[in-house]
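Undergrad: Pasting model-v6.txt below, which is compact mmCIF, C-alpha atoms.
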# COMPACT_ATOMS: atom_id res chain seq x y z
CA MET A 1 118.86 87.09 116.48
CA LYS A 2 120.15 85.59 119.71
CA GLU A 3 118.56 88.00 122.18
CA LEU A 4 115.13 87.71 120.60
CA GLU A 5 115.39 83.91 120.49
CA GLN A 6 116.22 83.87 124.17
CA ALA A 7 113.20 86.08 124.93
CA VAL A 8 110.92 83.81 122.88
CA LEU A 9 112.20 80.71 124.66
CA ARG A 10 111.98 82.34 128.09
CA PHE A 11 108.70 84.27 127.84
CA GLY A 12 106.79 82.80 124.90
CA LYS A 13 103.60 80.98 125.82
CA VAL A 14 101.77 78.36 123.79
CA PRO A 15 98.19 78.46 125.09
CA SER A 16 96.99 76.14 122.35
CA ASP A 17 98.45 74.34 119.36
CA GLY A 18 100.05 76.68 116.86
CA ILE A 19 99.52 79.83 118.93
CA LEU A 20 102.56 81.70 120.30
CA LYS A 21 101.97 84.53 122.75
CA VAL A 22 104.81 86.97 123.27
CA ASP A 23 102.85 89.57 125.24
CA MET A 24 105.72 89.95 127.70
CA PHE A 25 108.00 91.81 125.26
CA LEU A 26 106.33 92.36 121.88
CA ASN A 27 102.53 92.36 121.77
CA HIS A 28 101.27 93.99 124.96
CA ARG A 29 104.28 94.92 127.07
CA LEU A 30 107.09 96.22 124.90
CA ASP A 31 110.71 95.54 125.83
CA THR A 32 112.03 98.85 124.56
CA GLY A 33 115.72 97.92 124.56
CA LEU A 34 115.10 94.66 122.73
CA ILE A 35 112.82 96.24 120.12
CA LYS A 36 115.42 98.95 119.55
CA LYS A 37 118.10 96.32 118.89
CA MET A 38 115.73 94.41 116.60
CA GLY A 39 115.19 97.59 114.60
CA GLN A 40 118.95 98.11 114.34
CA GLU A 41 119.40 94.53 113.13
CA ILE A 42 116.75 94.98 110.42
CA ALA A 43 118.22 98.35 109.38
CA SER A 44 121.69 96.89 109.14
CA TYR A 45 120.44 94.06 106.89
CA PHE A 46 118.44 96.28 104.51
CA LYS A 47 120.31 99.59 104.50
CA GLU A 48 122.13 98.91 101.23
CA LYS A 49 118.76 98.71 99.50
CA LYS A 50 117.99 102.26 100.62
CA PRO A 51 114.34 101.94 101.64
CA SER A 52 112.57 105.30 101.67
CA ILE A 53 109.43 104.21 103.55
CA ILE A 54 108.60 101.51 106.07
CA LEU A 55 105.17 99.95 105.74
CA THR A 56 103.55 98.05 108.60
CA VAL A 57 100.03 97.36 109.81
CA GLU A 58 98.38 98.45 113.04
CA ALA A 59 98.83 97.79 115.88
CA SER A 60 101.55 95.36 116.93
CA GLY A 61 103.92 96.17 114.08
CA ILE A 62 104.22 99.87 114.91
CA ALA A 63 106.85 99.70 117.65
CA LEU A 64 109.29 97.61 115.60
CA ALA A 65 108.63 99.71 112.51
CA ILE A 66 109.55 102.93 114.29
CA THR A 67 112.76 101.60 115.84
CA THR A 68 113.76 100.28 112.41
CA ALA A 69 112.96 103.67 110.87
CA MET A 70 115.08 105.43 113.49
CA ALA A 71 118.00 103.16 112.63
CA LEU A 72 117.55 104.08 108.95
CA ASN A 73 118.06 107.81 109.47
CA ASP A 74 114.48 108.54 110.46
CA ILE A 75 112.69 107.51 107.27
CA PRO A 76 108.89 107.73 107.61
CA VAL A 77 106.66 104.85 108.68
CA VAL A 78 103.24 104.29 107.19
CA PHE A 79 100.92 101.93 109.01
CA ALA A 80 98.14 100.37 107.00
CA LYS A 81 94.77 100.54 108.70
CA LYS A 82 92.39 97.69 109.19
CA SER A 83 89.52 99.41 107.54
CA SER A 84 85.93 99.77 108.44
CA ALA A 85 83.40 101.14 106.01
CA LEU A 86 84.22 104.56 107.47
CA ASN A 87 87.64 104.97 105.97
CA GLN A 88 87.24 103.61 102.51
CA GLY A 89 87.20 105.83 99.51
CA LEU A 90 88.78 106.90 96.29
CA ASN A 91 91.86 108.30 97.97
CA ARG A 92 92.89 104.95 99.48
CA TYR A 93 94.63 101.83 98.24
CA MET A 94 92.74 98.78 99.53
CA ALA A 95 93.54 95.07 99.89
CA ASP A 96 91.40 92.18 101.11
CA VAL A 97 93.02 90.12 103.83
CA HIS A 98 92.00 86.93 105.56
CA SER A 99 93.22 86.50 109.13
CA PHE A 100 93.63 82.82 109.96
CA THR A 101 94.39 83.69 113.59
CA LYS A 102 91.09 85.45 114.09
CA ASN A 103 89.25 83.69 111.27
CA ILE A 104 87.93 86.93 109.81
CA ASP A 105 88.23 88.81 106.53
CA TYR A 106 89.10 92.46 106.65
CA LYS A 107 90.18 95.29 104.39
CA MET A 108 93.60 96.84 104.78
CA SER A 109 94.11 100.33 103.44
CA VAL A 110 96.59 103.16 103.02
CA GLU A 111 95.92 106.71 101.97
CA LYS A 112 97.36 107.16 98.49
CA ALA A 113 99.34 110.28 99.35
CA TYR A 114 101.46 108.34 101.83
CA LEU A 115 102.79 105.80 99.31
CA PRO A 116 104.16 108.03 96.55
CA LYS A 117 104.78 106.28 93.24
CA GLY A 118 108.29 104.92 92.89
CA SER A 119 109.03 104.66 96.61
CA SER A 120 111.28 101.86 97.87
CA VAL A 121 109.27 100.21 100.60
CA LEU A 122 110.44 97.92 103.39
CA ILE A 123 107.67 95.89 105.03
CA VAL A 124 108.06 95.34 108.78
CA ASP A 125 105.75 93.28 110.96
CA ASP A 126 105.79 91.36 114.21
CA PHE A 127 104.64 87.92 113.04
CA LEU A 128 104.76 85.97 109.79
CA ALA A 129 102.58 82.86 109.69
CA ASN A 130 100.38 82.27 106.66
CA GLY A 131 101.62 85.54 105.21
CA GLU A 132 98.20 87.04 104.60
CA ALA A 133 99.02 90.43 106.16
CA VAL A 134 102.27 90.68 104.18
CA LYS A 135 100.45 89.72 100.97
CA GLY A 136 97.99 92.53 101.70
CA MET A 137 100.83 95.00 102.08
CA LEU A 138 102.50 93.73 98.88
CA LYS A 139 99.20 94.37 97.12
CA LEU A 140 99.12 97.96 98.43
CA ILE A 141 102.73 98.50 97.28
CA ASP A 142 101.82 97.13 93.87
CA LEU A 143 98.72 99.33 93.56
CA ALA A 144 100.86 102.34 94.48
CA ASP A 145 103.48 101.57 91.80
CA CYS A 146 106.17 101.31 94.44
CA ASN A 147 108.79 98.60 94.80
CA CYS A 148 109.24 96.34 97.81
CA VAL A 149 112.90 96.08 98.84
CA GLY A 150 112.14 93.32 101.32
CA VAL A 151 110.20 92.06 104.30
CA ALA A 152 111.41 91.95 107.90
CA VAL A 153 109.55 90.17 110.66
CA ALA A 154 110.32 89.57 114.29
CA ILE A 155 109.02 86.02 114.42
CA GLU A 156 108.38 83.62 111.55
CA LYS A 157 106.32 80.54 112.23
CA GLY A 158 108.43 78.30 110.03
CA PHE A 159 105.84 75.51 110.04
CA GLN A 160 103.32 77.74 108.28
CA PRO A 161 103.60 78.65 104.60
CA GLY A 162 104.09 82.45 104.64
CA GLY A 163 107.88 82.50 104.79
CA ASP A 164 108.39 79.89 102.07
CA TYR A 165 105.86 81.64 99.85
CA LEU A 166 107.82 84.90 100.06
CA ARG A 167 111.23 83.26 99.50
CA GLN A 168 109.92 81.27 96.53
CA ASN A 169 108.66 84.50 95.02
CA GLY A 170 112.09 86.06 95.24
CA ILE A 171 111.33 88.42 98.09
CA ASP A 172 114.20 89.22 100.41
CA LEU A 173 112.90 88.06 103.79
CA LEU A 174 114.62 88.63 107.11
CA SER A 175 113.11 86.69 110.02
CA LEU A 176 114.80 87.61 113.28
CA CYS A 177 113.56 84.40 114.88
CA ARG A 178 112.20 81.27 113.18
CA VAL A 179 109.94 78.92 115.08
CA LYS A 180 110.22 75.27 114.06
CA SER A 181 107.35 73.88 116.09
CA LEU A 182 104.80 74.76 118.74
CA GLU A 183 103.65 71.22 119.32
CA ASN A 184 102.87 69.89 122.81
CA ASN A 185 102.78 73.47 124.16
CA LYS A 186 106.52 73.75 123.63
CA VAL A 187 108.47 76.30 121.60
CA GLU A 188 111.15 74.86 119.36
CA LEU A 189 113.29 77.17 117.20
CA TYR A 190 115.39 76.66 114.09
CA SER A 191 118.98 77.18 115.11
CA GLN A 192 120.34 80.41 113.67
CA ASP A 193 123.97 79.39 114.16
CA MET B 1 106.83 122.39 121.12
CA LYS B 2 107.65 124.54 118.14
CA GLU B 3 108.31 121.85 115.55
CA LEU B 4 105.11 119.99 116.37
CA GLU B 5 103.07 123.20 116.29
CA GLN B 6 104.47 123.96 112.86
CA ALA B 7 103.54 120.48 111.65
CA VAL B 8 100.00 120.84 113.03
CA LEU B 9 99.56 124.21 111.33
CA ARG B 10 101.05 122.99 108.07
CA PHE B 11 99.55 119.52 107.75
CA GLY B 12 96.58 119.39 110.13
CA LYS B 13 93.21 119.07 108.45
CA VAL B 14 89.82 119.99 109.90
CA PRO B 15 87.33 117.90 107.89
CA SER B 16 84.47 118.91 110.19
CA ASP B 17 83.98 121.04 113.27
CA GLY B 18 86.07 119.90 116.21
CA ILE B 19 87.90 117.15 114.27
CA LEU B 20 91.65 117.51 113.70
CA LYS B 21 93.36 115.02 111.36
CA VAL B 22 97.11 114.74 111.60
CA ASP B 23 97.49 111.63 109.46
CA MET B 24 100.47 113.17 107.67
CA PHE B 25 102.84 112.82 110.63
CA LEU B 26 101.17 111.16 113.63
CA ASN B 27 98.15 108.95 112.96
CA HIS B 28 98.75 107.12 109.69
CA ARG B 29 102.09 108.25 108.31
CA LEU B 30 104.64 108.68 111.11
CA ASP B 31 107.26 111.41 110.89
CA THR B 32 109.97 109.41 112.62
CA GLY B 33 112.32 112.31 113.32
CA LEU B 34 109.56 114.47 114.77
CA ILE B 35 108.16 111.68 116.95
CA LYS B 36 111.67 110.96 118.21
CA LYS B 37 112.10 114.61 119.24
CA MET B 38 108.65 114.63 120.85
CA GLY B 39 109.68 111.61 122.92
CA GLN B 40 112.88 113.35 123.97
CA GLU B 41 110.90 116.43 125.02
CA ILE B 42 108.52 114.35 127.14
CA ALA B 43 111.41 112.42 128.68
CA SER B 44 113.26 115.60 129.53
CA TYR B 45 110.17 117.02 131.28
CA PHE B 46 109.39 113.90 133.34
CA LYS B 47 112.78 112.30 133.94
CA GLU B 48 113.17 113.69 137.49
CA LYS B 49 110.04 111.77 138.45
CA LYS B 50 111.73 108.53 137.44
CA PRO B 51 108.86 106.73 135.69
CA SER B 52 109.44 102.98 135.52
CA ILE B 53 106.72 102.15 132.97
CA ILE B 54 105.01 104.01 130.15
CA LEU B 55 101.34 103.26 129.67
CA THR B 56 99.55 104.04 126.41
CA VAL B 57 96.63 102.64 124.47
CA GLU B 58 96.62 101.02 121.05
CA ALA B 59 97.17 102.00 118.30
CA SER B 60 98.13 105.64 117.69
CA GLY B 61 99.88 106.16 121.02
CA ILE B 62 102.42 103.39 120.51
CA ALA B 63 104.96 105.25 118.37
CA LEU B 64 105.25 108.22 120.73
CA ALA B 65 105.31 105.91 123.75
CA ILE B 66 108.28 103.97 122.42
CA THR B 67 110.35 107.02 121.46
CA THR B 68 109.67 108.44 124.94
CA ALA B 69 110.69 105.13 126.51
CA MET B 70 113.92 105.11 124.50
CA ALA B 71 114.72 108.60 125.79
CA LEU B 72 114.14 107.33 129.35
CA ASN B 73 116.82 104.65 129.19
CA ASP B 74 114.63 102.03 127.55
CA ILE B 75 111.96 101.62 130.23
CA PRO B 76 109.18 99.25 129.12
CA VAL B 77 105.97 100.37 127.41
CA VAL B 78 102.64 98.73 128.13
CA PHE B 79 99.83 99.39 125.73
CA ALA B 80 96.31 98.91 127.02
CA LYS B 81 94.10 96.94 124.68
CA LYS B 82 90.70 97.90 123.52
CA SER B 83 89.08 94.72 124.66
CA SER B 84 86.62 92.42 123.09
CA ALA B 85 84.92 89.67 125.02
CA LEU B 86 87.86 87.48 123.99
CA ASN B 87 90.49 89.04 126.17
CA GLN B 88 88.67 89.67 129.40
CA GLY B 89 89.37 87.64 132.45
CA LEU B 90 90.57 87.46 136.00
CA ASN B 91 94.14 88.24 135.08
CA ARG B 92 93.33 91.66 133.59
CA TYR B 93 92.60 95.11 134.95
CA MET B 94 89.61 96.57 133.11
CA ALA B 95 88.16 100.06 132.67
CA ASP B 96 85.04 101.24 130.85
CA VAL B 97 85.68 104.03 128.39
CA HIS B 98 83.38 106.14 126.29
CA SER B 99 84.81 107.44 123.02
CA PHE B 100 83.16 110.73 122.05
CA THR B 101 85.01 110.71 118.72
CA LYS B 102 83.56 107.38 117.67
CA ASN B 103 80.50 107.55 119.93
CA ILE B 104 81.05 104.06 121.30
CA ASP B 105 81.70 102.49 124.69
CA TYR B 106 84.53 100.05 124.99
CA LYS B 107 86.56 98.23 127.59
CA MET B 108 90.24 98.98 128.02
CA SER B 109 92.39 96.38 129.68
CA VAL B 110 95.90 95.49 130.77
CA GLU B 111 97.22 92.16 131.89
CA LYS B 112 97.90 92.41 135.62
CA ALA B 113 101.44 91.07 135.40
CA TYR B 114 102.50 94.05 133.28
CA LEU B 115 101.56 96.71 135.84
CA PRO B 116 103.36 95.51 138.97
CA LYS B 117 102.14 97.07 142.21
CA GLY B 118 104.05 100.20 143.18
CA SER B 119 105.24 101.09 139.68
CA SER B 120 105.64 104.76 138.73
CA VAL B 121 103.67 105.09 135.54
CA LEU B 122 103.83 107.82 132.90
CA ILE B 123 100.80 107.96 130.60
CA VAL B 124 101.55 108.88 126.99
CA ASP B 125 98.99 109.36 124.24
CA ASP B 126 98.58 111.16 120.95
CA PHE B 127 95.41 113.20 121.63
CA LEU B 128 93.71 114.63 124.70
CA ALA B 129 90.17 115.88 124.12
CA ASN B 130 87.48 114.86 126.61
CA GLY B 131 90.05 112.86 128.49
CA GLU B 132 88.12 109.60 128.48
CA ALA B 133 91.04 107.44 127.36
CA VAL B 134 93.35 108.99 129.98
CA LYS B 135 90.70 108.49 132.67
CA GLY B 136 90.54 104.84 131.65
CA MET B 137 94.31 104.51 132.01
CA LEU B 138 94.22 106.29 135.40
CA LYS B 139 91.64 103.75 136.49
CA LEU B 140 93.92 100.88 135.43
CA ILE B 141 96.84 102.46 137.32
CA ASP B 142 94.63 102.80 140.38
CA LEU B 143 93.42 99.21 140.19
CA ALA B 144 97.03 98.07 139.95
CA ASP B 145 98.09 100.04 143.03
CA CYS B 146 100.61 101.98 140.99
CA ASN B 147 101.16 105.74 141.00
CA CYS B 148 100.82 108.02 138.02
CA VAL B 149 103.75 110.43 137.73
CA GLY B 150 102.05 112.41 134.96
CA VAL B 151 100.41 112.49 131.58
CA ALA B 152 102.05 113.53 128.30
CA VAL B 153 100.11 114.07 125.10
CA ALA B 154 101.12 115.25 121.68
CA ILE B 155 98.05 117.38 121.04
CA GLU B 156 95.56 118.75 123.56
CA LYS B 157 92.28 120.11 122.26
CA GLY B 158 92.19 123.01 124.69
CA PHE B 159 88.54 123.77 123.98
CA GLN B 160 87.50 120.37 125.30
CA PRO B 161 87.49 119.55 129.01
CA GLY B 162 90.08 116.74 129.34
CA GLY B 163 93.12 118.94 129.99
CA ASP B 164 91.46 121.15 132.57
CA TYR B 165 90.02 118.12 134.32
CA LEU B 166 93.50 116.63 134.74
CA ARG B 167 95.12 119.90 135.88
CA GLN B 168 92.33 120.56 138.38
CA ASN B 169 92.90 117.11 139.80
CA GLY B 170 96.55 117.85 140.41
CA ILE B 171 97.90 115.67 137.62
CA ASP B 172 101.11 116.85 136.01
CA LEU B 173 100.10 117.27 132.35
CA LEU B 174 102.47 118.03 129.50
CA SER B 175 100.76 118.91 126.22
CA LEU B 176 103.30 119.37 123.44
CA CYS B 177 100.78 121.36 121.40
CA ARG B 178 97.53 123.00 122.59
CA VAL B 179 94.78 123.71 120.11
CA LYS B 180 92.67 126.76 120.93
CA SER B 181 90.03 126.36 118.25
CA LEU B 182 89.07 124.34 115.20
CA GLU B 183 86.23 126.59 114.16
CA ASN B 184 85.58 127.44 110.50
CA ASN B 185 87.86 124.57 109.40
CA LYS B 186 90.86 126.47 110.71
CA VAL B 187 93.46 125.42 113.27
CA GLU B 188 94.27 128.01 115.91
CA LEU B 189 96.83 127.23 118.61
CA TYR B 190 97.55 128.65 122.05
CA SER B 191 100.89 130.35 121.79
CA GLN B 192 103.52 128.43 123.73
CA ASP B 193 105.90 131.38 123.93
Starting from the file, lay out its structure as structure tokens.

TA:
Amino acid sequence: MKELEQAVLRFGKVPSDGILKVDMFLNHRLDTGLIKKMGQEIASYFKEKKPSIILTVEASGIALAITTAMALNDIPVVFAKKSSALNQGLNRYMADVHSFTKNIDYKMSVEKAYLPKGSSVLIVDDFLANGEAVKGMLKLIDLADCNCVGVAVAIEKGFQPGGDYLRQNGIDLLSLCRVKSLENNKVELYSQD
Amino acid sequence: MKELEQAVLRFGKVPSDGILKVDMFLNHRLDTGLIKKMGQEIASYFKEKKPSIILTVEASGIALAITTAMALNDIPVVFAKKSSALNQGLNRYMADVHSFTKNIDYKMSVEKAYLPKGSSVLIVDDFLANGEAVKGMLKLIDLADCNCVGVAVAIEKGFQPGGDYLRQNGIDLLSLCRVKSLENNKVELYSQD
């Protein structure tokens, strides 16, 4: 998506190798108009598959998830929680996730009532790198006996394995912007043209 | 706001005294259509004051902040981060906040570049109880030499002091739903009519 690519090239920062910071429009300050258009783009791509729920994970995915949901006739959004011991229990689906970015393991969970069996779920998130967060959400969808109609992310780090893993497993993946390299503190994108 | 009040009465749960859970439409599952209308209501109330930035705090405030921003011609949203030692530094405004709900102290921060001096800031959040999170955001606005045009919250716990504190300090507060009592596991609202 041209406008997002331009924002990444203009405002993206590479503080260290492999790290892309887009705090200016996606992860701290939100460019409302851009995130609205990104949601419309995702909705337009997936609308034929008639998703009934959008699943994301707190916190950075929420803004894009809600603009996508608005563009899909206001379907509900469920955001998985990064769980502490406090909100575990029998009424939750749980998945173990390893974050390479933060080098921690955590549990991701959703209350069972919010993923009704048989729902068609579209996963939306801000970043796709190693794919661990998406794998966690796929696990939750599987536990809930729902089906995943696809995965949409704002930015795919194309030099990390998450995107290829999903495509090789037959999952319909829409990456609005694909990063080719972050070497030498420089952002290089795959051309989308 | 009628529709929100109805949702609170229908879906709100009071697991223990003073605690209101609205996971069904605001804090875990998001009722997209309702949150869109809530944003429109807030925008309509504050639009004459021409806010240029919406400030909220991760994670539950983000959805309402973005729908409000969309209804205000796509002004940007900045969400304050609950800081760890990792993201402190000279380039951030910081405020100390005590959470009565979780009984913890934490630091709230915003990168300085995202609150430019002189901005007119509208604070948006999901809950107002003791008002500690809002006070933290007011502190950030003050540090940034911005002015706060008002505070909008989805749900005010009217039996806790945050709302009265803000009104007594001359802050324009819009609470879309005011809870009168959560005693005996029952939700009672102030009538808005």

Undergrad: Distance limit 8 Å, atoms considered: all atoms listed in the file. Which chain A residues sit that close to chain B? Return them as a ChimeraX atom specification.

TA: /A:24,28-33,58-59,62-63,66,69-70,74-81,114

Undergrad: Would you write out chain B as a compact mmCIF listing (two decimals) with C-alpha atoms, keeping the file's coordinate frame, after superposing it on chain A by least squares over all in-order Cα pairs?

TA:
# COMPACT_ATOMS: atom_id res chain seq x y z
CA MET B 1 118.86 87.07 116.48
CA LYS B 2 120.14 85.60 119.70
CA GLU B 3 118.57 87.99 122.19
CA LEU B 4 115.14 87.69 120.61
CA GLU B 5 115.38 83.90 120.48
CA GLN B 6 116.22 83.87 124.17
CA ALA B 7 113.22 86.07 124.93
CA VAL B 8 110.92 83.81 122.88
CA LEU B 9 112.19 80.71 124.67
CA ARG B 10 111.98 82.34 128.08
CA PHE B 11 108.72 84.26 127.85
CA GLY B 12 106.79 82.80 124.91
CA LYS B 13 103.61 80.99 125.84
CA VAL B 14 101.77 78.37 123.79
CA PRO B 15 98.19 78.48 125.10
CA SER B 16 96.99 76.15 122.33
CA ASP B 17 98.48 74.34 119.37
CA GLY B 18 100.06 76.68 116.85
CA ILE B 19 99.51 79.84 118.94
CA LEU B 20 102.55 81.70 120.29
CA LYS B 21 101.97 84.55 122.76
CA VAL B 22 104.81 86.98 123.27
CA ASP B 23 102.86 89.58 125.23
CA MET B 24 105.73 89.94 127.70
CA PHE B 25 108.00 91.80 125.27
CA LEU B 26 106.34 92.38 121.89
CA ASN B 27 102.54 92.37 121.77
CA HIS B 28 101.27 93.98 124.97
CA ARG B 29 104.27 94.91 127.08
CA LEU B 30 107.11 96.24 124.90
CA ASP B 31 110.71 95.53 125.83
CA THR B 32 112.04 98.85 124.56
CA GLY B 33 115.72 97.91 124.56
CA LEU B 34 115.10 94.65 122.72
CA ILE B 35 112.82 96.24 120.12
CA LYS B 36 115.42 98.95 119.56
CA LYS B 37 118.10 96.31 118.88
CA MET B 38 115.72 94.40 116.60
CA GLY B 39 115.20 97.59 114.59
CA GLN B 40 118.95 98.11 114.34
CA GLU B 41 119.40 94.53 113.11
CA ILE B 42 116.75 94.97 110.42
CA ALA B 43 118.22 98.32 109.38
CA SER B 44 121.70 96.88 109.14
CA TYR B 45 120.45 94.05 106.89
CA PHE B 46 118.44 96.26 104.51
CA LYS B 47 120.30 99.57 104.52
CA GLU B 48 122.15 98.91 101.22
CA LYS B 49 118.76 98.71 99.51
CA LYS B 50 118.00 102.25 100.63
CA PRO B 51 114.34 101.92 101.63
CA SER B 52 112.58 105.29 101.67
CA ILE B 53 109.43 104.21 103.54
CA ILE B 54 108.59 101.51 106.07
CA LEU B 55 105.16 99.96 105.73
CA THR B 56 103.54 98.06 108.60
CA VAL B 57 100.03 97.37 109.80
CA GLU B 58 98.38 98.45 113.03
CA ALA B 59 98.82 97.79 115.90
CA SER B 60 101.56 95.36 116.93
CA GLY B 61 103.93 96.17 114.07
CA ILE B 62 104.21 99.86 114.91
CA ALA B 63 106.85 99.69 117.64
CA LEU B 64 109.29 97.61 115.60
CA ALA B 65 108.62 99.72 112.51
CA ILE B 66 109.55 102.93 114.29
CA THR B 67 112.76 101.60 115.85
CA THR B 68 113.76 100.28 112.41
CA ALA B 69 112.96 103.67 110.86
CA MET B 70 115.08 105.43 113.49
CA ALA B 71 118.01 103.15 112.63
CA LEU B 72 117.54 104.08 108.95
CA ASN B 73 118.06 107.80 109.47
CA ASP B 74 114.47 108.54 110.45
CA ILE B 75 112.68 107.50 107.26
CA PRO B 76 108.89 107.73 107.61
CA VAL B 77 106.66 104.84 108.70
CA VAL B 78 103.24 104.28 107.20
CA PHE B 79 100.92 101.95 109.01
CA ALA B 80 98.13 100.38 107.00
CA LYS B 81 94.76 100.53 108.70
CA LYS B 82 92.41 97.70 109.20
CA SER B 83 89.52 99.41 107.54
CA SER B 84 85.92 99.74 108.42
CA ALA B 85 83.38 101.11 106.00
CA LEU B 86 84.21 104.52 107.46
CA ASN B 87 87.63 104.94 105.98
CA GLN B 88 87.23 103.58 102.49
CA GLY B 89 87.23 105.84 99.52
CA LEU B 90 88.79 106.92 96.29
CA ASN B 91 91.87 108.31 97.97
CA ARG B 92 92.92 104.96 99.49
CA TYR B 93 94.63 101.83 98.24
CA MET B 94 92.75 98.79 99.52
CA ALA B 95 93.54 95.08 99.89
CA ASP B 96 91.40 92.19 101.10
CA VAL B 97 93.02 90.14 103.82
CA HIS B 98 92.01 86.95 105.54
CA SER B 99 93.22 86.51 109.11
CA PHE B 100 93.64 82.81 109.94
CA THR B 101 94.40 83.68 113.57
CA LYS B 102 91.10 85.47 114.08
CA ASN B 103 89.26 83.70 111.25
CA ILE B 104 87.94 86.94 109.79
CA ASP B 105 88.24 88.82 106.51
CA TYR B 106 89.11 92.46 106.64
CA LYS B 107 90.18 95.30 104.40
CA MET B 108 93.60 96.86 104.78
CA SER B 109 94.12 100.33 103.43
CA VAL B 110 96.59 103.16 103.03
CA GLU B 111 95.92 106.71 101.98
CA LYS B 112 97.36 107.15 98.50
CA ALA B 113 99.33 110.28 99.35
CA TYR B 114 101.46 108.34 101.84
CA LEU B 115 102.79 105.81 99.32
CA PRO B 116 104.15 108.04 96.55
CA LYS B 117 104.76 106.28 93.24
CA GLY B 118 108.29 104.92 92.90
CA SER B 119 109.02 104.65 96.62
CA SER B 120 111.28 101.85 97.87
CA VAL B 121 109.27 100.22 100.60
CA LEU B 122 110.44 97.92 103.40
CA ILE B 123 107.66 95.89 105.03
CA VAL B 124 108.05 95.34 108.77
CA ASP B 125 105.75 93.28 110.96
CA ASP B 126 105.80 91.36 114.21
CA PHE B 127 104.63 87.91 113.03
CA LEU B 128 104.75 85.97 109.78
CA ALA B 129 102.58 82.86 109.70
CA ASN B 130 100.38 82.28 106.65
CA GLY B 131 101.62 85.53 105.21
CA GLU B 132 98.20 87.05 104.60
CA ALA B 133 99.01 90.42 106.15
CA VAL B 134 102.27 90.68 104.17
CA LYS B 135 100.45 89.73 100.97
CA GLY B 136 97.99 92.52 101.69
CA MET B 137 100.84 95.01 102.09
CA LEU B 138 102.50 93.74 98.88
CA LYS B 139 99.21 94.37 97.12
CA LEU B 140 99.12 97.95 98.43
CA ILE B 141 102.73 98.50 97.29
CA ASP B 142 101.81 97.14 93.87
CA LEU B 143 98.73 99.34 93.57
CA ALA B 144 100.86 102.34 94.47
CA ASP B 145 103.47 101.57 91.81
CA CYS B 146 106.17 101.33 94.45
CA ASN B 147 108.79 98.60 94.80
CA CYS B 148 109.24 96.35 97.79
CA VAL B 149 112.89 96.09 98.84
CA GLY B 150 112.13 93.31 101.32
CA VAL B 151 110.19 92.06 104.29
CA ALA B 152 111.42 91.95 107.90
CA VAL B 153 109.55 90.17 110.66
CA ALA B 154 110.33 89.57 114.29
CA ILE B 155 109.02 86.02 114.43
CA GLU B 156 108.37 83.63 111.54
CA LYS B 157 106.32 80.53 112.23
CA GLY B 158 108.43 78.29 110.03
CA PHE B 159 105.85 75.50 110.03
CA GLN B 160 103.33 77.74 108.30
CA PRO B 161 103.60 78.65 104.62
CA GLY B 162 104.08 82.46 104.64
CA GLY B 163 107.88 82.48 104.78
CA ASP B 164 108.39 79.90 102.06
CA TYR B 165 105.85 81.64 99.86
CA LEU B 166 107.81 84.90 100.06
CA ARG B 167 111.22 83.26 99.50
CA GLN B 168 109.92 81.27 96.53
CA ASN B 169 108.66 84.50 95.03
CA GLY B 170 112.09 86.06 95.24
CA ILE B 171 111.31 88.43 98.09
CA ASP B 172 114.19 89.23 100.40
CA LEU B 173 112.89 88.06 103.80
CA LEU B 174 114.61 88.63 107.12
CA SER B 175 113.10 86.70 110.03
CA LEU B 176 114.80 87.62 113.29
CA CYS B 177 113.56 84.40 114.90
CA ARG B 178 112.20 81.26 113.18
CA VAL B 179 109.94 78.92 115.08
CA LYS B 180 110.22 75.28 114.05
CA SER B 181 107.36 73.88 116.10
CA LEU B 182 104.80 74.76 118.75
CA GLU B 183 103.66 71.21 119.33
CA ASN B 184 102.89 69.90 122.83
CA ASN B 185 102.79 73.48 124.18
CA LYS B 186 106.53 73.77 123.64
CA VAL B 187 108.49 76.31 121.60
CA GLU B 188 111.18 74.86 119.37
CA LEU B 189 113.29 77.16 117.20
CA TYR B 190 115.39 76.66 114.09
CA SER B 191 118.95 77.21 115.14
CA GLN B 192 120.30 80.42 113.66
CA ASP B 193 123.93 79.43 114.15

Undergrad: May I ask which of the residues B:Cys148, B:Leu128, B:Ile155, B:Ile141 is the closest one to Met108 of chain B, counting all atoms listed in the file?

TA: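 Answer, going by the shortest atom-to-atom distance: B:Ile141.
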
Undergrad: Take atom CA of Tyr45 of chain B and atom CA of Met1 of chain B and report the distance between them in Å, one decimal.

TA: 12.0 Å

Undergrad: My list of candidates is A:Pro51, A:Gly163, A:Gly118, A:Gly150. Which is closest to Glu132 of chain A when distances are computed with all atoms listed in the file?

TA: A:Gly163

Undergrad: Take atom CA of Lys139 of chain A and atom CA of Met94 of chain A and report the distance between them in Å, one decimal.

TA: 8.2 Å

Undergrad: Env of Gly12 of chain A: 7 Å cut, atoms = only C-alpha atoms, seq-sep filter 5 positions within chain, self excluded. Answer as JSON, numbers by chain.

TA: {"A": [20, 21, 22]}

Undergrad: Can you list, as a list in words, every protein, DNA or RNA residue that comes within 10 Å of Gln160 of chain B when you count only C-alpha atoms, leaving out same-chain residues fewer than 4 positions away?

TA: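 Once the nearby chain positions are removed, what remains is Gly18, Leu128, Ala129, Asn130, Gly131, Glu156, Asp164, Tyr165, Val179, Lys180 and Ser181 of chain B.
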
Undergrad: Which one is closest to Val187 of chain A: A:Gly170, A:Pro116, A:Gly39, A:Gly158? Count all atoms listed in the file.

TA: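 Using all atoms listed in the file, Val187 of chain A sits closest to A:Gly158.
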
Undergrad: Taking into account all atoms listed in the file, which residue in the set A:Ala144, A:Val134, A:Val153, A:Leu122 is nearest to Lys49 of chain A?

TA: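 Closest to Lys49 of chain A of all the choices is A:Leu122.
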